[in-house]
Amino acid sequence: MAFKDMSILTASAGFAERDDPFNLFAEWLKEAEAKEINDPNAMSLATVDEEGLPNVRMVLLKGFDDRGFVFYTNFESQKGQEVQSAMKAAINFHWKSLRRQVRVRGLVEKVTDAEADEYFKSRPRDSRIGAWASQQSRPLEGPFALTAAVATYAAKYAIGDVPRPPHWSGFRILPLSIEFWHDRPFRLHDRVVFRRANQSSPWTKAKLYP
């Protein structure tokens, strides 16, 4: 295949010169929040079960800083159990309108009780009731079982605050690699990956073939 304009082989999306992946991610997320129609904080979460078989599902990013990326879940759910078993995970952000994605792989830690409590209190009251009522990932006993459970906990916490269930909290993914991908013509995509050996190590950076 011949290229009439060879500059396409050397042009860059402008992020390859950045040295801090968290600052770059913050910029990309801000752009996604302005342009993505639905859930710019949506990310696919990949885990493995006890047999090593992968699972992937969409979750929502609820916070990030230079420590890592935070999401919340029922720890008794399938993803909660799989994360706790391995304490490793991968996530992927895909912003179709921007033609970008970010891939993250790393270790996992639980957020503190204070962090989980603060976020839980920010959720709508009905969502907090739902966290008590849903036995996430387990078989539903019948068509009205969830409705009945919601009614039970709504009555129990009809007055006052709805406390956080002990089995409901958050995980923070501590990245060991963060890859930024940007679409370019003829599938000559820009790919830049940041890697480090552990959380206290400096980042190294490399451009990858598309």
# chains A, B, ... in the order shown; residues from 1 in each chain; ligands from 1
>>> select_by_dssp(residues="region 27-202 of chain A", states="strand (DSSP E)", output="number ranges by chain")
A: 42-48, 54-60, 63-64, 69-74, 88-95, 100-110, 168-182, 190-195
>>> closest_residue(among="A:Ala151, A:Val56, A:Leu61, A:Leu98", to="Arg184 (chain A)", atoms="only C-alpha atoms")
A:Leu98
>>> closest_atom_pairs(of="region 102-195 of chain A", to="region 66-83 of chain A", cutoff="6 Å", atoms="only C-alpha atoms", output="Markdown table")
| residue | atom | partner | partner_atom | distance |
| --- | --- | --- | --- | --- |
| A:Gln136 | CA | A:Ser77 | CA | 5.1 |
| A:Ser137 | CA | A:Ser77 | CA | 5.2 |
| A:His167 | CA | A:Phe75 | CA | 5.3 |
| A:Trp168 | CA | A:Asn74 | CA | 4.4 |
| A:Ser169 | CA | A:Tyr72 | CA | 5.5 |
| A:Gly170 | CA | A:Tyr72 | CA | 3.9 |
| A:Phe171 | CA | A:Val70 | CA | 5.6 |
| A:Arg172 | CA | A:Val70 | CA | 4.4 |
| A:Ile173 | CA | A:Phe69 | CA | 5.1 |
| A:Leu174 | CA | A:Gly68 | CA | 4.7 |
>>> residues_around(residues="Trp28 (chain A)", least_positions_apart="2", cutoff="10 Å", atoms="only C-alpha atoms", output="PDB file with N, CA and C atoms, in the first residue's frame")
ATOM      1  N   PHE A  22      -1.268   9.778  34.795  1.00  0.00           N
ATOM      2  CA  PHE A  22      -2.477  10.205  35.500  1.00  0.00           C
ATOM      3  C   PHE A  22      -2.945  11.578  35.022  1.00  0.00           C
ATOM      4  N   ASN A  23      -2.003  12.486  34.763  1.00  0.00           N
ATOM      5  CA  ASN A  23      -2.381  13.789  34.223  1.00  0.00           C
ATOM      6  C   ASN A  23      -2.978  13.646  32.826  1.00  0.00           C
ATOM      7  N   LEU A  24      -2.382  12.776  32.026  1.00  0.00           N
ATOM      8  CA  LEU A  24      -2.914  12.547  30.691  1.00  0.00           C
ATOM      9  C   LEU A  24      -4.295  11.932  30.755  1.00  0.00           C
ATOM     10  N   PHE A  25      -4.490  10.972  31.649  1.00  0.00           N
ATOM     11  CA  PHE A  25      -5.809  10.364  31.801  1.00  0.00           C
ATOM     12  C   PHE A  25      -6.838  11.415  32.219  1.00  0.00           C
ATOM     13  N   ALA A  26      -6.467  12.300  33.129  1.00  0.00           N
ATOM     14  CA  ALA A  26      -7.394  13.342  33.576  1.00  0.00           C
ATOM     15  C   ALA A  26      -7.829  14.223  32.407  1.00  0.00           C
ATOM     16  N   LYS A  30     -11.688  14.348  30.970  1.00  0.00           N
ATOM     17  CA  LYS A  30     -12.390  15.629  30.895  1.00  0.00           C
ATOM     18  C   LYS A  30     -12.986  15.833  29.508  1.00  0.00           C
ATOM     19  N   GLU A  31     -12.243  15.481  28.471  1.00  0.00           N
ATOM     20  CA  GLU A  31     -12.764  15.588  27.108  1.00  0.00           C
ATOM     21  C   GLU A  31     -13.916  14.618  26.891  1.00  0.00           C
ATOM     22  N   ALA A  32     -13.790  13.420  27.455  1.00  0.00           N
ATOM     23  CA  ALA A  32     -14.869  12.436  27.315  1.00  0.00           C
ATOM     24  C   ALA A  32     -16.135  12.914  28.012  1.00  0.00           C
ATOM     25  N   GLU A  33     -15.987  13.541  29.158  1.00  0.00           N
ATOM     26  CA  GLU A  33     -17.155  14.049  29.885  1.00  0.00           C
ATOM     27  C   GLU A  33     -17.894  15.111  29.086  1.00  0.00           C
ATOM     28  N   TRP A  95     -13.764   5.436  24.555  1.00  0.00           N
ATOM     29  CA  TRP A  95     -14.542   6.628  24.237  1.00  0.00           C
ATOM     30  C   TRP A  95     -14.681   6.703  22.724  1.00  0.00           C
ATOM     31  N   LEU A  98     -14.447   9.993  20.764  1.00  0.00           N
ATOM     32  CA  LEU A  98     -13.101  10.553  20.679  1.00  0.00           C
ATOM     33  C   LEU A  98     -12.131   9.629  19.954  1.00  0.00           C
ATOM     34  N   ARG A 100     -10.744   6.929  21.138  1.00  0.00           N
ATOM     35  CA  ARG A 100      -9.656   6.689  22.080  1.00  0.00           C
ATOM     36  C   ARG A 100     -10.014   5.558  23.024  1.00  0.00           C
ATOM     37  N   GLN A 101      -8.994   4.913  23.567  1.00  0.00           N
ATOM     38  CA  GLN A 101      -9.185   3.981  24.670  1.00  0.00           C
ATOM     39  C   GLN A 101      -7.962   4.019  25.578  1.00  0.00           C
ATOM     40  N   VAL A 102      -8.208   3.623  26.824  1.00  0.00           N
ATOM     41  CA  VAL A 102      -7.141   3.537  27.821  1.00  0.00           C
ATOM     42  C   VAL A 102      -7.242   2.181  28.488  1.00  0.00           C
ATOM     43  N   PHE A 180      -2.322   4.182  26.423  1.00  0.00           N
ATOM     44  CA  PHE A 180      -3.190   5.141  25.742  1.00  0.00           C
ATOM     45  C   PHE A 180      -3.193   4.830  24.252  1.00  0.00           C
TER      46      PHE A 180
END
>>> closest_atom_pairs(of="region 138-190 of chain A", to="region 198-202 of chain A", cutoff="10 Å", atoms="only C-alpha atoms", output="JSON lines")
{"residue": "A:Leu174", "atom": "CA", "partner": "A:Gln199", "partner_atom": "CA", "distance": 7.2}
{"residue": "A:Pro175", "atom": "CA", "partner": "A:Gln199", "partner_atom": "CA", "distance": 7.7}
{"residue": "A:Leu176", "atom": "CA", "partner": "A:Asn198", "partner_atom": "CA", "distance": 6.3}
{"residue": "A:Ser177", "atom": "CA", "partner": "A:Asn198", "partner_atom": "CA", "distance": 9.7}
>>> closest_residue(among="A:Pro210, A:Gly160, A:Pro143, A:Pro21", to="Leu188 (chain A)", atoms="only C-alpha atoms")
A:Pro210
>>> select_by_dssp(residues="region 119-183 of chain A", states="alpha helix (DSSP H)", output="list in words")
Tyr119, Phe120, Lys121, Ser122, Arg125, Asp126, Ser127, Arg128, Ile129, Gly130, Ala131, Trp132, Ala133, Ala145, Leu146, Thr147, Ala148, Ala149, Val150, Ala151, Thr152, Tyr153, Ala154, Ala155 and Lys156 of chain A
>>> atom_distance(atom1="CA of Pro185 (chain A)", atom2="CA of Arg105 (chain A)")
27.0 Å
>>> residues_around(residues="region 84-91 of chain A", least_positions_apart="3", cutoff="7 Å", atoms="only C-alpha atoms", output="PDB file with N, CA and C atoms, in the first residue's frame")
ATOM      1  N   MET A  43     -16.302   1.731  32.304  1.00  0.00           N
ATOM      2  CA  MET A  43     -15.090   0.980  31.985  1.00  0.00           C
ATOM      3  C   MET A  43     -15.396  -0.508  32.068  1.00  0.00           C
ATOM      4  N   SER A  44     -14.762  -1.276  31.222  1.00  0.00           N
ATOM      5  CA  SER A  44     -14.890  -2.729  31.319  1.00  0.00           C
ATOM      6  C   SER A  44     -13.885  -3.221  32.353  1.00  0.00           C
ATOM      7  N   LEU A  45     -14.334  -4.118  33.204  1.00  0.00           N
ATOM      8  CA  LEU A  45     -13.503  -4.689  34.271  1.00  0.00           C
ATOM      9  C   LEU A  45     -13.296  -6.167  33.981  1.00  0.00           C
ATOM     10  N   ALA A  46     -12.042  -6.579  33.883  1.00  0.00           N
ATOM     11  CA  ALA A  46     -11.711  -7.975  33.605  1.00  0.00           C
ATOM     12  C   ALA A  46     -11.125  -8.636  34.847  1.00  0.00           C
ATOM     13  N   THR A  47     -11.642  -9.831  35.160  1.00  0.00           N
ATOM     14  CA  THR A  47     -11.147 -10.647  36.264  1.00  0.00           C
ATOM     15  C   THR A  47     -11.085 -12.093  35.776  1.00  0.00           C
ATOM     16  N   GLY A  80     -16.844  -9.302  42.856  1.00  0.00           N
ATOM     17  CA  GLY A  80     -16.247  -9.025  44.157  1.00  0.00           C
ATOM     18  C   GLY A  80     -15.408 -10.185  44.655  1.00  0.00           C
ATOM     19  N   GLN A  81     -15.919 -11.402  44.493  1.00  0.00           N
ATOM     20  CA  GLN A  81     -15.180 -12.579  44.933  1.00  0.00           C
ATOM     21  C   GLN A  81     -13.947 -12.829  44.073  1.00  0.00           C
ATOM     22  N   ARG A 103      -6.137   1.431  28.480  1.00  0.00           N
ATOM     23  CA  ARG A 103      -6.079   0.109  29.097  1.00  0.00           C
ATOM     24  C   ARG A 103      -5.218   0.183  30.346  1.00  0.00           C
ATOM     25  N   VAL A 104      -5.731  -0.391  31.437  1.00  0.00           N
ATOM     26  CA  VAL A 104      -5.036  -0.361  32.725  1.00  0.00           C
ATOM     27  C   VAL A 104      -4.955  -1.770  33.283  1.00  0.00           C
ATOM     28  N   ARG A 105      -3.772  -2.165  33.751  1.00  0.00           N
ATOM     29  CA  ARG A 105      -3.581  -3.447  34.413  1.00  0.00           C
ATOM     30  C   ARG A 105      -2.842  -3.205  35.718  1.00  0.00           C
ATOM     31  N   GLY A 106      -3.216  -3.957  36.771  1.00  0.00           N
ATOM     32  CA  GLY A 106      -2.495  -3.750  38.007  1.00  0.00           C
ATOM     33  C   GLY A 106      -2.997  -4.585  39.162  1.00  0.00           C
ATOM     34  N   LEU A 107      -2.468  -4.264  40.316  1.00  0.00           N
ATOM     35  CA  LEU A 107      -2.875  -4.892  41.559  1.00  0.00           C
ATOM     36  C   LEU A 107      -4.100  -4.174  42.109  1.00  0.00           C
ATOM     37  N   VAL A 108      -4.700  -4.749  43.140  1.00  0.00           N
ATOM     38  CA  VAL A 108      -5.925  -4.189  43.698  1.00  0.00           C
ATOM     39  C   VAL A 108      -5.802  -4.096  45.211  1.00  0.00           C
ATOM     40  N   GLU A 109      -6.356  -3.017  45.763  1.00  0.00           N
ATOM     41  CA  GLU A 109      -6.502  -2.897  47.214  1.00  0.00           C
ATOM     42  C   GLU A 109      -7.933  -2.463  47.518  1.00  0.00           C
TER      43      GLU A 109
END
>>> residues_around(residues="Trp203 (chain A)", least_positions_apart="2", cutoff="6 Å", atoms="only C-alpha atoms", output="ChimeraX atom specification")
/A:194-196
>>> decode(residues="region 61-145 of chain A", atoms="C-alpha atoms", output="tab-separated table (two decimals), in the first residue's frame")
chain	number	residue	atom	x	y	z
A	61	LEU	CA	-15.24	4.68	37.69
A	62	LYS	CA	-16.07	6.55	40.88
A	63	GLY	CA	-12.75	8.24	41.55
A	64	PHE	CA	-9.09	8.30	40.63
A	65	ASP	CA	-5.87	9.97	41.69
A	66	ASP	CA	-2.19	9.15	41.48
A	67	ARG	CA	-2.82	6.02	43.54
A	68	GLY	CA	-5.27	4.40	41.15
A	69	PHE	CA	-8.82	3.90	39.86
A	70	VAL	CA	-11.76	3.25	42.21
A	71	PHE	CA	-15.04	1.41	41.70
A	72	TYR	CA	-17.62	0.06	44.16
A	73	THR	CA	-19.50	-3.22	44.34
A	74	ASN	CA	-21.02	-5.93	46.48
A	75	PHE	CA	-18.03	-7.94	47.74
A	76	GLU	CA	-20.20	-11.08	47.71
A	77	SER	CA	-20.91	-10.72	43.97
A	78	GLN	CA	-19.05	-12.72	41.35
A	79	LYS	CA	-16.74	-9.85	40.49
A	80	GLY	CA	-16.25	-9.03	44.16
A	81	GLN	CA	-15.18	-12.58	44.93
A	82	GLU	CA	-12.95	-12.83	41.88
A	83	VAL	CA	-11.18	-9.58	42.65
A	84	GLN	CA	-10.63	-10.59	46.27
A	85	SER	CA	-9.30	-13.99	45.21
A	86	ALA	CA	-6.60	-12.62	42.91
A	87	MET	CA	-6.27	-8.96	44.01
A	88	LYS	CA	-5.38	-8.24	40.39
A	89	ALA	CA	-7.56	-6.81	37.62
A	90	ALA	CA	-7.61	-4.96	34.32
A	91	ILE	CA	-9.89	-2.18	33.11
A	92	ASN	CA	-10.49	-0.57	29.74
A	93	PHE	CA	-12.05	2.79	28.87
A	94	HIS	CA	-13.40	3.17	25.33
A	95	TRP	CA	-14.54	6.63	24.24
A	96	LYS	CA	-15.96	6.01	20.79
A	97	SER	CA	-16.75	9.66	20.04
A	98	LEU	CA	-13.10	10.55	20.68
A	99	ARG	CA	-11.76	7.40	19.02
A	100	ARG	CA	-9.66	6.69	22.08
A	101	GLN	CA	-9.18	3.98	24.67
A	102	VAL	CA	-7.14	3.54	27.82
A	103	ARG	CA	-6.08	0.11	29.10
A	104	VAL	CA	-5.04	-0.36	32.73
A	105	ARG	CA	-3.58	-3.45	34.41
A	106	GLY	CA	-2.49	-3.75	38.01
A	107	LEU	CA	-2.88	-4.89	41.56
A	108	VAL	CA	-5.93	-4.19	43.70
A	109	GLU	CA	-6.50	-2.90	47.21
A	110	LYS	CA	-9.70	-2.29	49.15
A	111	VAL	CA	-10.63	1.31	49.81
A	112	THR	CA	-10.85	2.41	53.43
A	113	ASP	CA	-14.12	2.24	55.35
A	114	ALA	CA	-14.12	6.05	55.48
A	115	GLU	CA	-13.88	6.27	51.69
A	116	ALA	CA	-16.63	3.70	51.20
A	117	ASP	CA	-18.90	5.39	53.76
A	118	GLU	CA	-18.45	8.79	52.12
A	119	TYR	CA	-19.29	7.49	48.66
A	120	PHE	CA	-22.22	5.37	49.90
A	121	LYS	CA	-23.80	8.44	51.52
A	122	SER	CA	-23.61	10.27	48.18
A	123	ARG	CA	-25.78	7.67	46.45
A	124	PRO	CA	-29.55	8.22	46.09
A	125	ARG	CA	-31.50	6.74	48.97
A	126	ASP	CA	-33.18	4.13	46.74
A	127	SER	CA	-29.75	2.98	45.51
A	128	ARG	CA	-28.63	2.54	49.11
A	129	ILE	CA	-31.74	0.47	49.82
A	130	GLY	CA	-30.99	-1.57	46.70
A	131	ALA	CA	-27.49	-2.36	47.97
A	132	TRP	CA	-29.09	-4.11	50.95
A	133	ALA	CA	-31.81	-5.82	48.92
A	134	SER	CA	-29.80	-7.27	46.04
A	135	GLN	CA	-27.94	-10.53	46.52
A	136	GLN	CA	-25.84	-9.61	43.51
A	137	SER	CA	-24.92	-12.38	41.03
A	138	ARG	CA	-26.92	-15.05	42.89
A	139	PRO	CA	-30.03	-16.79	41.50
A	140	LEU	CA	-33.27	-14.85	41.92
A	141	GLU	CA	-35.75	-17.05	43.77
A	142	GLY	CA	-38.83	-15.73	41.96
A	143	PRO	CA	-40.28	-12.76	40.06
A	144	PHE	CA	-41.18	-10.86	43.23
A	145	ALA	CA	-38.20	-11.75	45.43
